[in-house]
$ cat entry-v7.tsv   # TSV, C-alpha atoms and all ligand atoms
chain	number	residue	atom	x	y	z
Q	1	MET	CA	-0.95	-25.05	-8.65
Q	2	ALA	CA	1.72	-23.84	-6.23
Q	3	LEU	CA	1.30	-20.24	-5.26
Q	4	SER	CA	4.30	-17.96	-5.07
Q	5	LEU	CA	5.04	-16.06	-1.89
Q	6	ARG	CA	3.39	-12.97	-3.35
Q	7	ALA	CA	0.26	-14.85	-4.39
Q	8	ALA	CA	0.08	-16.71	-1.08
Q	9	ALA	CA	0.65	-13.54	0.93
Q	10	SER	CA	-2.21	-11.82	-0.80
Q	11	LEU	CA	-4.51	-14.55	0.47
Q	12	ALA	CA	-3.65	-13.81	4.06
Q	13	ALA	CA	-3.38	-10.14	4.93
Q	14	PRO	CA	-3.63	-7.82	1.97
Q	15	PRO	CA	-3.69	-4.25	3.17
Q	16	PRO	CA	-5.28	-2.16	1.74
Q	17	ARG	CA	-8.65	-3.88	1.64
Q	18	PRO	CA	-10.52	-2.70	-1.43
Q	19	GLY	CA	-14.11	-3.63	-1.87
Q	20	CYS	CA	-14.68	-4.41	1.78
Q	21	ARG	CA	-17.81	-2.30	2.03
Q	22	ALA	CA	-19.80	-4.84	3.99
Q	23	ALA	CA	-17.32	-4.86	6.88
Q	24	SER	CA	-17.32	-1.09	7.19
Q	25	LEU	CA	-21.11	-0.94	7.03
Q	26	VAL	CA	-21.42	-3.55	9.78
Q	27	ARG	CA	-19.04	-1.57	11.94
Q	28	ALA	CA	-20.92	1.70	11.35
Q	29	THR	CA	-24.26	0.08	12.13
Q	30	ALA	CA	-22.99	-1.38	15.38
Q	31	ALA	CA	-21.61	1.99	16.46
Q	32	SER	CA	-24.73	3.99	15.64
Q	33	SER	CA	-27.06	1.57	17.43
Q	34	SER	CA	-25.15	1.83	20.67
Q	35	PRO	CA	-24.08	5.34	21.70
Q	36	PRO	CA	-21.95	4.32	24.71
Q	37	ALA	CA	-19.97	1.87	22.56
Q	38	ALA	CA	-19.52	4.55	19.88
Q	39	LEU	CA	-18.01	6.90	22.42
Q	40	ASP	CA	-15.80	4.11	23.64
Q	41	HIS	CA	-14.46	3.65	20.14
Q	42	ARG	CA	-13.09	7.22	20.27
Q	43	ARG	CA	-10.57	6.13	22.87
Q	44	ARG	CA	-6.93	6.68	22.13
Q	45	ARG	CA	-5.30	3.44	21.00
Q	46	ARG	CA	-2.62	2.44	23.46
Q	47	GLN	CA	-0.31	1.81	20.47
Q	48	ASN	CA	0.05	5.56	19.85
Q	49	VAL	CA	3.15	7.29	21.16
Q	50	SER	CA	2.39	10.00	23.70
Q	51	GLY	CA	1.78	13.51	22.43
Q	52	GLU	CA	-0.66	15.69	20.53
Q	53	PHE	CA	-1.81	13.44	17.68
Q	54	PHE	CA	-3.47	10.06	18.20
Q	55	VAL	CA	-5.58	7.45	16.40
Q	56	ASP	CA	-8.71	6.09	18.04
Q	57	GLU	CA	-10.10	2.57	18.15
Q	58	ARG	CA	-12.51	3.02	15.24
Q	59	CYS	CA	-9.63	2.87	12.74
Q	60	ILE	CA	-10.48	0.45	9.91
Q	61	ASP	CA	-6.90	-0.06	8.70
Q	62	CYS	CA	-7.54	1.56	5.31
Q	63	SER	CA	-3.90	2.80	5.27
Q	64	THR	CA	-4.76	6.33	4.10
Q	65	CYS	CA	-2.93	8.12	6.94
Q	66	ARG	CA	0.10	5.87	6.50
Q	67	TRP	CA	0.71	6.86	2.89
Q	68	MET	CA	-0.32	10.48	3.35
Q	69	ALA	CA	1.93	11.08	6.37
Q	70	PRO	CA	4.36	8.15	6.54
Q	71	GLU	CA	6.68	9.91	8.99
Q	72	VAL	CA	3.90	10.03	11.59
Q	73	PHE	CA	1.58	7.05	11.10
Q	74	LYS	CA	2.50	3.36	11.02
Q	75	ARG	CA	0.61	0.09	11.20
Q	76	VAL	CA	0.83	-1.29	14.74
Q	77	ASP	CA	-1.05	-4.43	15.81
Q	78	GLY	CA	-3.15	-4.40	12.67
Q	79	LEU	CA	-4.37	-0.80	12.75
Q	80	SER	CA	-2.89	2.67	12.30
Q	81	ALA	CA	-1.21	4.50	15.16
Q	82	VAL	CA	0.97	7.55	15.66
Q	83	ALA	CA	4.50	6.16	15.67
Q	84	ALA	CA	6.20	9.56	15.93
Q	85	GLN	CA	4.70	12.97	16.61
Q	86	PRO	CA	5.29	15.49	13.77
Q	87	SER	CA	8.76	17.00	14.10
Q	88	SER	CA	8.51	19.66	11.38
Q	89	GLY	CA	5.94	22.01	9.93
Q	90	ASP	CA	5.73	19.85	6.82
Q	91	ASP	CA	5.07	16.70	8.86
Q	92	ARG	CA	2.40	18.52	10.87
Q	93	THR	CA	0.63	19.68	7.69
Q	94	LYS	CA	0.67	16.12	6.32
Q	95	ALA	CA	-0.65	14.74	9.61
Q	96	LEU	CA	-3.51	17.25	9.56
Q	97	GLN	CA	-4.22	16.44	5.91
Q	98	ALA	CA	-4.46	12.78	6.98
Q	99	LEU	CA	-6.74	13.80	9.87
Q	100	LEU	CA	-9.12	15.48	7.41
Q	101	SER	CA	-8.94	12.56	4.99
Q	102	CYS	CA	-9.47	9.73	7.49
Q	103	PRO	CA	-12.76	8.03	6.48
Q	104	THR	CA	-13.76	7.28	10.08
Q	105	ALA	CA	-12.53	10.55	11.63
Q	106	SER	CA	-10.25	8.42	13.78
Q	107	ILE	CA	-7.34	10.86	13.96
Q	108	HIS	CA	-7.41	13.50	16.68
Q	109	THR	CA	-5.35	16.17	18.35
Q	110	GLU	CA	-5.45	16.63	22.12
Q	111	LYS	CA	-6.60	20.24	21.62
Q	112	PRO	CA	-8.32	21.75	18.56
Q	113	ALA	CA	-5.69	22.49	15.90
Q	114	LYS	CA	-5.66	26.24	15.28
Q	115	ASP	CA	-4.19	25.75	11.81
Q	116	ILE	CA	-6.86	23.32	10.59
Q	117	LEU	CA	-8.62	25.89	8.38
Q	118	GLN	CA	-5.36	26.57	6.55
Q	119	VAL	CA	-4.95	22.85	5.98
Q	120	HIS	CA	-8.47	22.55	4.54
Q	121	SER	CA	-7.41	25.09	1.93
Q	122	THR	CA	-4.49	22.92	0.77
Q	123	PHE	CA	-6.92	20.45	-0.87
Q	124	PRO	CA	-7.03	19.12	-3.49
Q	125	LEU	CA	-3.35	18.20	-3.22
Q	126	PRO	CA	-0.97	18.25	-6.21
Q	127	ILE	CA	0.68	14.85	-6.58
Q	128	ALA	CA	3.93	15.26	-8.50
Q	129	ASP	CA	5.79	17.66	-10.77
Q	130	ASP	CA	5.39	15.33	-13.73
Q	131	LEU	CA	1.63	15.08	-13.14
Q	132	PRO	CA	0.57	18.71	-13.69
Q	133	GLY	CA	-3.14	19.23	-13.08
Q	134	VAL	CA	-3.56	15.90	-11.26
Q	135	TYR	CA	-4.72	16.21	-7.66
Q	136	LEU	CA	-5.59	14.06	-4.70
Q	137	CYS	CA	-9.06	15.03	-3.46
Q	138	GLY	CA	-8.60	13.77	0.13
Q	139	TYR	CA	-11.70	13.53	2.39
Q	140	HIS	CA	-11.99	9.76	1.94
Q	141	SER	CA	-15.35	8.11	2.54
Q	142	GLU	CA	-16.04	5.24	4.91
Q	143	SER	CA	-18.66	3.88	2.51
Q	144	SER	CA	-15.87	3.14	0.00
Q	145	TYR	CA	-13.54	1.83	2.69
Q	146	GLY	CA	-11.40	4.93	2.43
Q	147	ALA	CA	-10.94	4.80	-1.36
Q	148	THR	CA	-8.87	7.54	-3.00
Q	149	SER	CA	-10.46	10.08	-5.33
Q	150	TYR	CA	-8.54	12.20	-7.82
Q	151	LEU	CA	-9.24	15.40	-9.76
Q	152	ILE	CA	-7.75	15.95	-13.21
Q	153	VAL	CA	-7.80	19.57	-14.35
Q	154	HIS	CA	-7.92	19.60	-18.14
Q	155	PRO	CA	-8.76	22.21	-20.81
Q	156	GLU	CA	-11.43	19.96	-22.35
Q	157	GLY	CA	-13.16	19.57	-18.98
Q	158	ASN	CA	-12.07	18.44	-15.55
Q	159	ILE	CA	-12.51	14.82	-14.52
Q	160	MET	CA	-13.14	13.57	-11.00
Q	161	VAL	CA	-12.00	9.96	-10.67
Q	162	ASP	CA	-14.16	8.14	-8.10
Q	163	SER	CA	-15.98	9.98	-5.36
Q	164	PRO	CA	-14.61	11.60	-2.23
Q	165	ARG	CA	-16.74	12.36	0.81
Q	166	TYR	CA	-19.03	15.30	0.02
Q	167	THR	CA	-17.98	18.24	2.18
Q	168	PRO	CA	-18.66	21.95	1.57
Q	169	LYS	CA	-15.00	22.87	2.05
Q	170	LEU	CA	-13.87	20.46	-0.67
Q	171	VAL	CA	-16.71	21.57	-2.93
Q	172	ASN	CA	-15.45	25.16	-2.68
Q	173	GLN	CA	-11.88	24.16	-3.40
Q	174	ILE	CA	-12.83	22.05	-6.43
Q	175	GLU	CA	-15.08	24.78	-7.79
Q	176	LYS	CA	-12.12	27.18	-7.62
Q	177	LEU	CA	-10.35	24.78	-9.99
Q	178	GLY	CA	-13.29	24.80	-12.39
Q	179	GLY	CA	-15.46	22.03	-10.94
Q	180	ALA	CA	-15.75	18.84	-12.97
Q	181	ARG	CA	-17.31	18.06	-16.34
Q	182	TYR	CA	-17.08	14.31	-15.77
Q	183	MET	CA	-17.07	11.95	-12.81
Q	184	PHE	CA	-15.47	8.69	-13.89
Q	185	LEU	CA	-16.31	5.79	-11.55
Q	186	THR	CA	-13.75	2.99	-11.80
Q	187	HIS	CA	-16.17	0.45	-10.30
Q	188	ILE	CA	-19.10	0.07	-7.95
Q	189	ASP	CA	-17.17	0.02	-4.64
Q	190	ASP	CA	-15.84	3.56	-4.79
Q	191	VAL	CA	-18.89	5.61	-5.75
Q	192	ALA	CA	-19.43	7.09	-2.22
Q	193	ASP	CA	-21.28	10.43	-2.51
Q	194	HIS	CA	-21.41	10.45	-6.34
Q	195	ARG	CA	-24.99	11.68	-6.49
Q	196	LYS	CA	-24.38	14.73	-4.28
Q	197	TRP	CA	-21.32	15.67	-6.31
Q	198	ALA	CA	-23.18	15.25	-9.61
Q	199	GLU	CA	-26.07	17.41	-8.40
Q	200	ARG	CA	-23.69	20.16	-7.31
Q	201	LEU	CA	-21.16	20.09	-10.15
Q	202	LYS	CA	-23.59	19.09	-12.92
Q	203	CYS	CA	-21.02	16.58	-14.11
Q	204	GLU	CA	-21.64	13.61	-16.36
Q	205	ARG	CA	-21.04	10.39	-14.45
Q	206	ILE	CA	-19.54	7.38	-16.24
Q	207	ILE	CA	-19.55	3.76	-15.06
Q	208	HIS	CA	-19.51	0.39	-16.82
Q	209	SER	CA	-22.88	-1.31	-17.18
Q	210	GLY	CA	-21.41	-4.46	-15.59
Q	211	ASP	CA	-21.35	-2.64	-12.26
Q	212	VAL	CA	-24.72	-0.93	-12.45
Q	213	VAL	CA	-26.89	-1.60	-9.41
Q	214	ASP	CA	-29.57	0.50	-7.71
Q	215	ILE	CA	-27.24	3.09	-6.16
Q	216	VAL	CA	-25.84	4.05	-9.58
Q	217	ALA	CA	-28.90	3.41	-11.72
Q	218	ASP	CA	-29.18	7.12	-12.51
Q	219	VAL	CA	-25.60	7.51	-13.80
Q	220	GLU	CA	-25.68	9.42	-17.07
Q	221	ARG	CA	-23.30	7.32	-19.19
Q	222	LYS	CA	-23.10	3.56	-18.92
Q	223	LEU	CA	-20.32	1.90	-20.88
Q	224	THR	CA	-21.26	-1.30	-22.66
Q	225	GLY	CA	-19.13	-4.00	-24.23
Q	226	SER	CA	-15.37	-4.26	-23.82
Q	227	GLY	CA	-14.19	-0.89	-25.13
Q	228	PRO	CA	-11.86	0.86	-25.20
Q	229	TRP	CA	-13.68	4.16	-24.95
Q	230	ASN	CA	-12.44	7.76	-24.96
Q	231	ILE	CA	-13.03	10.99	-23.09
Q	232	GLY	CA	-11.83	13.71	-25.43
Q	233	ASN	CA	-8.43	13.25	-27.06
Q	234	ASP	CA	-6.28	12.55	-24.01
Q	235	PHE	CA	-8.13	9.91	-22.03
Q	236	GLU	CA	-8.75	6.27	-22.81
Q	237	LEU	CA	-10.95	3.96	-20.73
Q	238	ILE	CA	-9.84	0.31	-20.62
Q	239	HIS	CA	-12.16	-2.45	-19.47
Q	240	THR	CA	-10.31	-4.50	-16.84
Q	241	PRO	CA	-12.85	-6.92	-15.35
Q	242	GLY	CA	-11.98	-9.32	-12.56
Q	243	HIS	CA	-12.14	-7.35	-9.32
Q	244	THR	CA	-15.68	-6.56	-10.46
Q	245	LYS	CA	-17.39	-7.23	-13.76
Q	246	GLY	CA	-17.44	-3.55	-14.63
Q	247	SER	CA	-13.97	-2.45	-13.46
Q	248	VAL	CA	-12.45	0.09	-15.83
Q	249	CYS	CA	-9.07	1.87	-15.75
Q	250	LEU	CA	-8.52	5.40	-17.04
Q	251	LEU	CA	-5.34	6.16	-18.99
Q	252	TYR	CA	-4.25	9.81	-19.14
Q	253	LYS	CA	-2.16	9.36	-22.26
Q	254	PRO	CA	0.02	12.51	-22.37
Q	255	LEU	CA	1.06	12.08	-18.72
Q	256	LYS	CA	1.40	8.28	-18.92
Q	257	ALA	CA	-0.78	7.89	-15.82
Q	258	LEU	CA	-3.12	4.95	-15.22
Q	259	PHE	CA	-5.93	5.31	-12.68
Q	260	THR	CA	-6.64	1.71	-11.72
Q	261	GLY	CA	-9.44	1.70	-9.16
Q	262	ASP	CA	-9.08	-1.68	-7.42
Q	263	HIS	CA	-7.73	-3.55	-10.45
Q	264	VAL	CA	-4.17	-3.24	-9.22
Q	265	ALA	CA	-2.25	-1.68	-6.35
Q	266	LYS	CA	1.03	-1.77	-4.52
Q	267	SER	CA	1.60	-3.94	-1.47
Q	268	GLU	CA	2.27	-1.92	1.67
Q	269	GLU	CA	5.09	-4.23	2.69
Q	270	SER	CA	7.00	-4.24	-0.58
Q	271	ASP	CA	7.44	-2.44	-3.89
Q	272	GLU	CA	5.69	-5.19	-5.78
Q	273	PHE	CA	2.82	-4.63	-8.15
Q	274	ASN	CA	-0.14	-6.62	-6.84
Q	275	LEU	CA	-3.73	-7.63	-7.20
Q	276	PHE	CA	-5.74	-8.63	-4.18
Q	277	ARG	CA	-7.12	-11.99	-5.11
Q	278	MET	CA	-9.35	-12.41	-2.07
Q	279	TYR	CA	-11.25	-9.34	-3.31
Q	280	SER	CA	-11.41	-10.52	-6.90
Q	281	ARG	CA	-15.15	-10.78	-6.87
Q	282	GLN	CA	-15.73	-11.77	-10.46
Q	283	SER	CA	-12.77	-14.09	-11.06
Q	284	VAL	CA	-9.01	-14.16	-10.46
Q	285	SER	CA	-8.40	-15.63	-13.92
Q	286	VAL	CA	-10.44	-12.87	-15.54
Q	287	GLN	CA	-8.47	-10.30	-13.52
Q	288	LEU	CA	-5.20	-11.84	-14.69
Q	289	ASP	CA	-6.40	-11.65	-18.30
Q	290	SER	CA	-7.13	-7.97	-17.69
Q	291	MET	CA	-3.62	-7.59	-16.29
Q	292	GLN	CA	-2.25	-8.72	-19.66
Q	293	LYS	CA	-3.86	-5.68	-21.24
Q	294	LEU	CA	-1.63	-3.41	-19.17
Q	295	LEU	CA	1.45	-4.70	-21.00
Q	296	ASP	CA	0.34	-2.89	-24.14
Q	297	LEU	CA	-0.50	0.39	-22.43
Q	298	ASP	CA	1.96	3.26	-22.32
Q	299	PHE	CA	2.05	4.38	-18.67
Q	300	LEU	CA	4.58	4.92	-15.89
Q	301	TRP	CA	2.31	6.04	-13.07
Q	302	VAL	CA	-0.15	3.78	-11.26
Q	303	LEU	CA	-2.72	5.81	-9.32
Q	304	PRO	CA	-4.76	3.21	-7.40
Q	305	GLY	CA	-8.05	3.33	-5.57
Q	306	HIS	CA	-6.38	2.23	-2.34
Q	307	GLY	CA	-2.90	2.57	-0.96
Q	308	TYR	CA	0.42	3.69	-2.33
Q	309	ARG	CA	1.08	5.11	-5.79
Q	310	ILE	CA	3.75	3.66	-8.04
Q	311	ARG	CA	5.99	5.42	-10.56
Q	312	TYR	CA	8.10	3.23	-12.82
Q	313	GLU	CA	11.37	4.44	-14.31
Q	314	ASP	CA	10.45	3.32	-17.81
Q	315	ALA	CA	8.21	1.03	-19.81
Q	316	GLU	CA	10.60	-1.87	-19.35
Q	317	ALA	CA	10.36	-1.63	-15.56
Q	318	LYS	CA	6.57	-1.40	-15.75
Q	319	ASN	CA	6.26	-4.45	-18.00
Q	320	SER	CA	8.77	-6.38	-15.94
Q	321	ALA	CA	6.63	-5.81	-12.83
Q	322	ILE	CA	3.47	-6.98	-14.63
Q	323	LYS	CA	5.18	-10.06	-16.07
Q	324	SER	CA	6.55	-10.91	-12.64
Q	325	LEU	CA	3.07	-10.76	-11.17
Q	326	LEU	CA	1.61	-12.86	-13.98
Q	327	SER	CA	4.31	-15.51	-13.65
Q	328	ASP	CA	3.76	-15.68	-9.87
Q	329	TYR	CA	0.13	-16.58	-10.43
Q	330	THR	CA	0.63	-19.00	-13.30
Q	331	SER	CA	3.82	-20.86	-12.42
P	1	ZN	ZN	-13.31	-2.49	-5.13
$ encode --input "entry-v7.tsv" --output "structure tokens"
Amino acid sequence: MALSLRAAASLAAPPPRPGCRAASLVRATAASSSPPAALDHRRRRRQNVSGEFFVDERCIDCSTCRWMAPEVFKRVDGLSAVAAQPSSGDDRTKALQALLSCPTASIHTEKPAKDILQVHSTFPLPIADDLPGVYLCGYHSESSYGATSYLIVHPEGNIMVDSPRYTPKLVNQIEKLGGARYMFLTHIDDVADHRKWAERLKCERIIHSGDVVDIVADVERKLTGSGPWNIGNDFELIHTPGHTKGSVCLLYKPLKALFTGDHVAKSEESDEFNLFRMYSRQSVSVQLDSMQKLLDLDFLWVLPGHGYRIRYEDAEAKNSAIKSLLSDYTS
């Protein structure tokens, strides 16, 4: 079978890199066992432009800073770097939000930023005017390779989608918004500090039984079978195996928003809808079958576990993108 350019490209260098927990753990272990090397990794990358902000050599290329503050951070020689120092107050705030969200604490300022406390208080971050009550949690965790976590504020109970890094400042901010009644875990890679959050917020955690291993054995609700399942009236959970056996997407029906975990994402280099076949740990063909399910779902927003969000103009554009992807992999 001849692969299309998109399918072939995803074999080579597919940023972001969902599910790559082993690589990040190896890196962390090497750093902690050798203090001098760890300090060395805090060196400013030479690819940064001169000035206040810089990225150090422990960057894992998760892309978080690049989509949070695209005016400042770019990918240079395979890792993130400051391509332009912030030139406005808005750019500076975004750069500091990226600094706080970086899973390896690889973003620095030459001197301590006096406005950092104010920036802590901006989290969780609203995403868009047509997504009221949907927030980006920030504070990404290295154990989930910098996966994105979201908070949905809803009258029937707030939902945290996947787990951010557990930090007291974020705890306070989320509790101001009412905490969380549920923590929905899209799949096993992005569970990070789920236990600490559950203990603090007293939320009910949900994961599919196909992804249950020791670290999530105590999760309160384990989905079985192929669904779909519901949380209240507004949320539907769709089983989308392929990336992992227990991958599940969450559809927020009134807002037409699909939280996809690592089932689907957007390529950094293009506007194309993509799956990352080299991380399809169960089976690419199973993942493609799961992709078919998205044709029947009514959504415009794709809120992924890694990388850039997508908003389609209409259902036709959404389905056209999915059909294009499917034809690339089957032609
Ligand atoms: Zn994953």
$ residues_around --input "entry-v7.tsv" --residues "Glu316 in chain Q" --least-positions-apart "4" --cutoff "10 Å" --atoms "only C-alpha atoms" --output "list in words"
Leu295, Leu300, Tyr312, Ser320, Ala321 and Ile322 of chain Q
$ residues_near_ligand --input "entry-v7.tsv" --ligand "ligand ZN 1 (chain P)" --cutoff "12 Å" --atoms "only C-alpha atoms and all ligand atoms" --output "number ranges by chain"
Q: 16-22, 143-148, 162, 185-192, 211, 241-248, 260-265, 275-282, 304-306
$ write_last_selection --input "entry-v7.tsv" --atoms "C-alpha atoms" --output "PDB file, in the frame of the given file"
ATOM      1  CA  PRO Q  16      -5.280  -2.160   1.740  1.00  0.00           C
ATOM      2  CA  ARG Q  17      -8.650  -3.880   1.640  1.00  0.00           C
ATOM      3  CA  PRO Q  18     -10.520  -2.700  -1.430  1.00  0.00           C
ATOM      4  CA  GLY Q  19     -14.110  -3.630  -1.870  1.00  0.00           C
ATOM      5  CA  CYS Q  20     -14.680  -4.410   1.780  1.00  0.00           C
ATOM      6  CA  ARG Q  21     -17.810  -2.300   2.030  1.00  0.00           C
ATOM      7  CA  ALA Q  22     -19.800  -4.840   3.990  1.00  0.00           C
ATOM      8  CA  SER Q 143     -18.660   3.880   2.510  1.00  0.00           C
ATOM      9  CA  SER Q 144     -15.870   3.140   0.000  1.00  0.00           C
ATOM     10  CA  TYR Q 145     -13.540   1.830   2.690  1.00  0.00           C
ATOM     11  CA  GLY Q 146     -11.400   4.930   2.430  1.00  0.00           C
ATOM     12  CA  ALA Q 147     -10.940   4.800  -1.360  1.00  0.00           C
ATOM     13  CA  THR Q 148      -8.870   7.540  -3.000  1.00  0.00           C
ATOM     14  CA  ASP Q 162     -14.160   8.140  -8.100  1.00  0.00           C
ATOM     15  CA  LEU Q 185     -16.310   5.790 -11.550  1.00  0.00           C
ATOM     16  CA  THR Q 186     -13.750   2.990 -11.800  1.00  0.00           C
ATOM     17  CA  HIS Q 187     -16.170   0.450 -10.300  1.00  0.00           C
ATOM     18  CA  ILE Q 188     -19.100   0.070  -7.950  1.00  0.00           C
ATOM     19  CA  ASP Q 189     -17.170   0.020  -4.640  1.00  0.00           C
ATOM     20  CA  ASP Q 190     -15.840   3.560  -4.790  1.00  0.00           C
ATOM     21  CA  VAL Q 191     -18.890   5.610  -5.750  1.00  0.00           C
ATOM     22  CA  ALA Q 192     -19.430   7.090  -2.220  1.00  0.00           C
ATOM     23  CA  ASP Q 211     -21.350  -2.640 -12.260  1.00  0.00           C
ATOM     24  CA  PRO Q 241     -12.850  -6.920 -15.350  1.00  0.00           C
ATOM     25  CA  GLY Q 242     -11.980  -9.320 -12.560  1.00  0.00           C
ATOM     26  CA  HIS Q 243     -12.140  -7.350  -9.320  1.00  0.00           C
ATOM     27  CA  THR Q 244     -15.680  -6.560 -10.460  1.00  0.00           C
ATOM     28  CA  LYS Q 245     -17.390  -7.230 -13.760  1.00  0.00           C
ATOM     29  CA  GLY Q 246     -17.440  -3.550 -14.630  1.00  0.00           C
ATOM     30  CA  SER Q 247     -13.970  -2.450 -13.460  1.00  0.00           C
ATOM     31  CA  VAL Q 248     -12.450   0.090 -15.830  1.00  0.00           C
ATOM     32  CA  THR Q 260      -6.640   1.710 -11.720  1.00  0.00           C
ATOM     33  CA  GLY Q 261      -9.440   1.700  -9.160  1.00  0.00           C
ATOM     34  CA  ASP Q 262      -9.080  -1.680  -7.420  1.00  0.00           C
ATOM     35  CA  HIS Q 263      -7.730  -3.550 -10.450  1.00  0.00           C
ATOM     36  CA  VAL Q 264      -4.170  -3.240  -9.220  1.00  0.00           C
ATOM     37  CA  ALA Q 265      -2.250  -1.680  -6.350  1.00  0.00           C
ATOM     38  CA  LEU Q 275      -3.730  -7.630  -7.200  1.00  0.00           C
ATOM     39  CA  PHE Q 276      -5.740  -8.630  -4.180  1.00  0.00           C
ATOM     40  CA  ARG Q 277      -7.120 -11.990  -5.110  1.00  0.00           C
ATOM     41  CA  MET Q 278      -9.350 -12.410  -2.070  1.00  0.00           C
ATOM     42  CA  TYR Q 279     -11.250  -9.340  -3.310  1.00  0.00           C
ATOM     43  CA  SER Q 280     -11.410 -10.520  -6.900  1.00  0.00           C
ATOM     44  CA  ARG Q 281     -15.150 -10.780  -6.870  1.00  0.00           C
ATOM     45  CA  GLN Q 282     -15.730 -11.770 -10.460  1.00  0.00           C
ATOM     46  CA  PRO Q 304      -4.760   3.210  -7.400  1.00  0.00           C
ATOM     47  CA  GLY Q 305      -8.050   3.330  -5.570  1.00  0.00           C
ATOM     48  CA  HIS Q 306      -6.380   2.230  -2.340  1.00  0.00           C
TER      49      HIS Q 306
END
$ atom_distance --input "entry-v7.tsv" --atom1 "CA of Leu151 in chain Q" --atom2 "CA of Asp296 in chain Q"
25.2 Å
$ closest_residue --input "entry-v7.tsv" --among "Q:Ser209, Q:Asn274, Q:Ser141, Q:Ser149" --to "Phe123 in chain Q" --atoms "only C-alpha atoms"
Q:Ser149
$ closest_residue --input "entry-v7.tsv" --among "Q:Asp115, Q:Glu175, Q:Glu272, Q:Asp289" --to "Ile310 in chain Q" --atoms "all atoms listed in the file"
Q:Glu272
$ atom_distance --input "entry-v7.tsv" --atom1 "CA of Leu177 in chain Q" --atom2 "CA of Ile238 in chain Q"
26.7 Å
$ residues_around --input "entry-v7.tsv" --residues "Leu170 in chain Q" --least-positions-apart "5" --cutoff "10 Å" --atoms "all atoms listed in the file" --output "MDAnalysis selection string"
chainID Q and resid 120:124 137:139 164:165 175:176
$ axis_aligned_box --input "entry-v7.tsv" --around "range 121-134 of chain Q" --padding-each-side "4 Å" --output "AutoDock Vina command-line options"
--center_x -0.8 --center_y 20.0 --center_z -5.9 --size_x 21.2 --size_y 18.2 --size_z 23.7
$ residues_near_point --input "entry-v7.tsv" --point "(-17.2, 10.4, 11.8)" --cutoff "10 Å" --atoms "all atoms listed in the file" --output "VMD selection string"
chain Q and resid 28 42 58 102 to 106 141 to 142
$ write_last_selection --input "entry-v7.tsv" --atoms "C-alpha atoms" --output "PDB file, keeping the file's coordinate frame"
ATOM      1  CA  ALA Q  28     -20.920   1.700  11.350  1.00  0.00           C
ATOM      2  CA  ARG Q  42     -13.090   7.220  20.270  1.00  0.00           C
ATOM      3  CA  ARG Q  58     -12.510   3.020  15.240  1.00  0.00           C
ATOM      4  CA  CYS Q 102      -9.470   9.730   7.490  1.00  0.00           C
ATOM      5  CA  PRO Q 103     -12.760   8.030   6.480  1.00  0.00           C
ATOM      6  CA  THR Q 104     -13.760   7.280  10.080  1.00  0.00           C
ATOM      7  CA  ALA Q 105     -12.530  10.550  11.630  1.00  0.00           C
ATOM      8  CA  SER Q 106     -10.250   8.420  13.780  1.00  0.00           C
ATOM      9  CA  SER Q 141     -15.350   8.110   2.540  1.00  0.00           C
ATOM     10  CA  GLU Q 142     -16.040   5.240   4.910  1.00  0.00           C
TER      11      GLU Q 142
END
$ residues_around --input "entry-v7.tsv" --residues "range 152-157 of chain Q" --least-positions-apart "6" --cutoff "6 Å" --atoms "only C-alpha atoms" --output "count of residues only"
3
$ atom_distance --input "entry-v7.tsv" --atom1 "CA of Arg309 in chain Q" --atom2 "CA of Ile207 in chain Q"
22.7 Å
$ residues_around --input "entry-v7.tsv" --residues "range 85-93 of chain Q" --least-positions-apart "2" --cutoff "12 Å" --atoms "only C-alpha atoms" --output "JSON, numbers by chain"
{"Q": [48, 49, 50, 51, 52, 53, 54, 55, 65, 68, 69, 70, 71, 72, 73, 74, 81, 82, 83, 95, 96, 97, 98, 99, 100, 109, 113, 114, 115, 116, 117, 118, 119, 120, 121, 122, 123, 125]}
$ closest_residue --input "entry-v7.tsv" --among "Q:Lys293, Q:Lys253, Q:Lys266, Q:Arg200" --to "Thr240 in chain Q" --atoms "all atoms listed in the file"
Q:Lys293
$ closest_residue --input "entry-v7.tsv" --among "Q:Thr224, Q:Ser163, Q:Thr330, Q:Asn230" --to "Trp197 in chain Q" --atoms "all atoms listed in the file"
Q:Ser163
